[in-house]
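Here the structure is laid out as structure tokens; the discussion comes afterwards.
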Amino acid sequence: MKRIPALLLLVFFFGACVHNKYASTNKSYKKQVKNYAKLLREYPVKDSAGLQYADNWVGTTNFSMRRPNFVIIHHTAQDSCEQTLRTFTLPRTAVSAHYVICEDGTVHHMLNDLLRAHHAGLGKWGSVSDMNSCSIGIEIDNNGSEPFTEPQMNSLLELLDRLKKAYNIPQANFIGHMDWAPGRKVDPSRYFSWQTLAEKGFGFWFDTTNVEVPVDFNALQALRIIGYNINKPEIAIQSYKIHFVPQDTTRIINDADKKILFDLEKKYQ
Ligand SMILES: [Zn+2]
């Protein structure tokens, strides 16, 4: 009779251990959110322009939270979901994402969508120069040289659908990390099917049937119109190829690319 409660206690103890693996980092998350909530109540915010404001504060009654307007897709380049969860809970790594999608399709929602994750880094897309401030970051557990799993893609599509509806994200604004940071990043890899996403309304795909390219067509300007930073044309072309022509590992615009770009620039502009 005495052994049963002891066993139960043991099960409870180990159960609690597993459950609380991230207890201290969760506590840190909550503490940081609390500090930001305090910041939201401040007027004027201490780091704002520092002008001489009127003595009598008048707050508007009409406002809401800022919303994400882009989705950036990554592959983790790590060997397991567990490794990524660990990376994103170590302060010294200074990196994070809103969502991590494991190989089996499990989705970890690591950060409130309205807060800023550290996933995009330096880059440029169109006129956007601070992508972390206006985007949701999604990391897919994949080492970069293997196909993405079906459960993973299903979870991703369901998540994208929810995000698109919740924040009214334009179809053009679903891009990859390599689109944002050509040369510096190559994720998600050539195994990722952007065509599948475009068919569901996340990003655009091309149709070159009956496309006639004008003689004065400027392919680089088309890349710029789509969003690419063309300061270094070769690496912009490389990112475009990873996204739209994954089987082609060159950095050269050929006649087939011209047709694709001529069609795409109309969809993205
Ligand atoms: Zn990335």
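Ordering of the structure tokens sets the chain letters (A, B, ...); residue numbers start at 1 within each chain; ligands are numbered from 1 in the order shown.
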
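Considering only C-alpha atoms and all ligand atoms, the residues that reside within 8 Å of ligand 1 can be listed as Ile73, His74, His75, Thr76, His119, Ala120, Glu139, Gly176, His177, Met178, Lys185, Val186, Asp187 and Pro188 of chain A.
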
DSSP strand (DSSP E) selection over segment 35-136 of chain A, as a VMD selection string
chain A and resid 70 to 75 99 to 101 107 to 109 135 to 136

Using DSSP on the backbone coordinates, identify all residues within segment 110-269 of chain A classified as helix (DSSP H, G or I); present the result as a VMD selection string.
chain A and resid 131 to 134 150 to 167 171 to 173 177 to 180 194 to 199 219 to 226 233 to 244 255 to 268

List the spatial neighbours of Thr106 of chain A as a list in words - criterion: any atom at most 9 Å away, only C-alpha atoms, same-chain residues fewer than 4 positions off excluded.
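Contacts, with the query itself left out: Val100, Ile101, Cys102, Pro151, Gln152 and Ser155 of chain A.
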
Would you kindly return, as a PyMOL selection string, each protein, DNA or RNA residue with an atom no farther than 12 Å from any atom of segment 245-258 of chain A, considering only C-alpha atoms and excluding same-chain residues fewer than 2 positions away?
chain A and resi 182-183+186-195+205-209+211-223+232-243+260-265

Counting only C-alpha atoms, the option among A:Leu40, A:Val58, A:Ala172, A:Ile136 closest to Ser96 of chain A:
A:Ile136
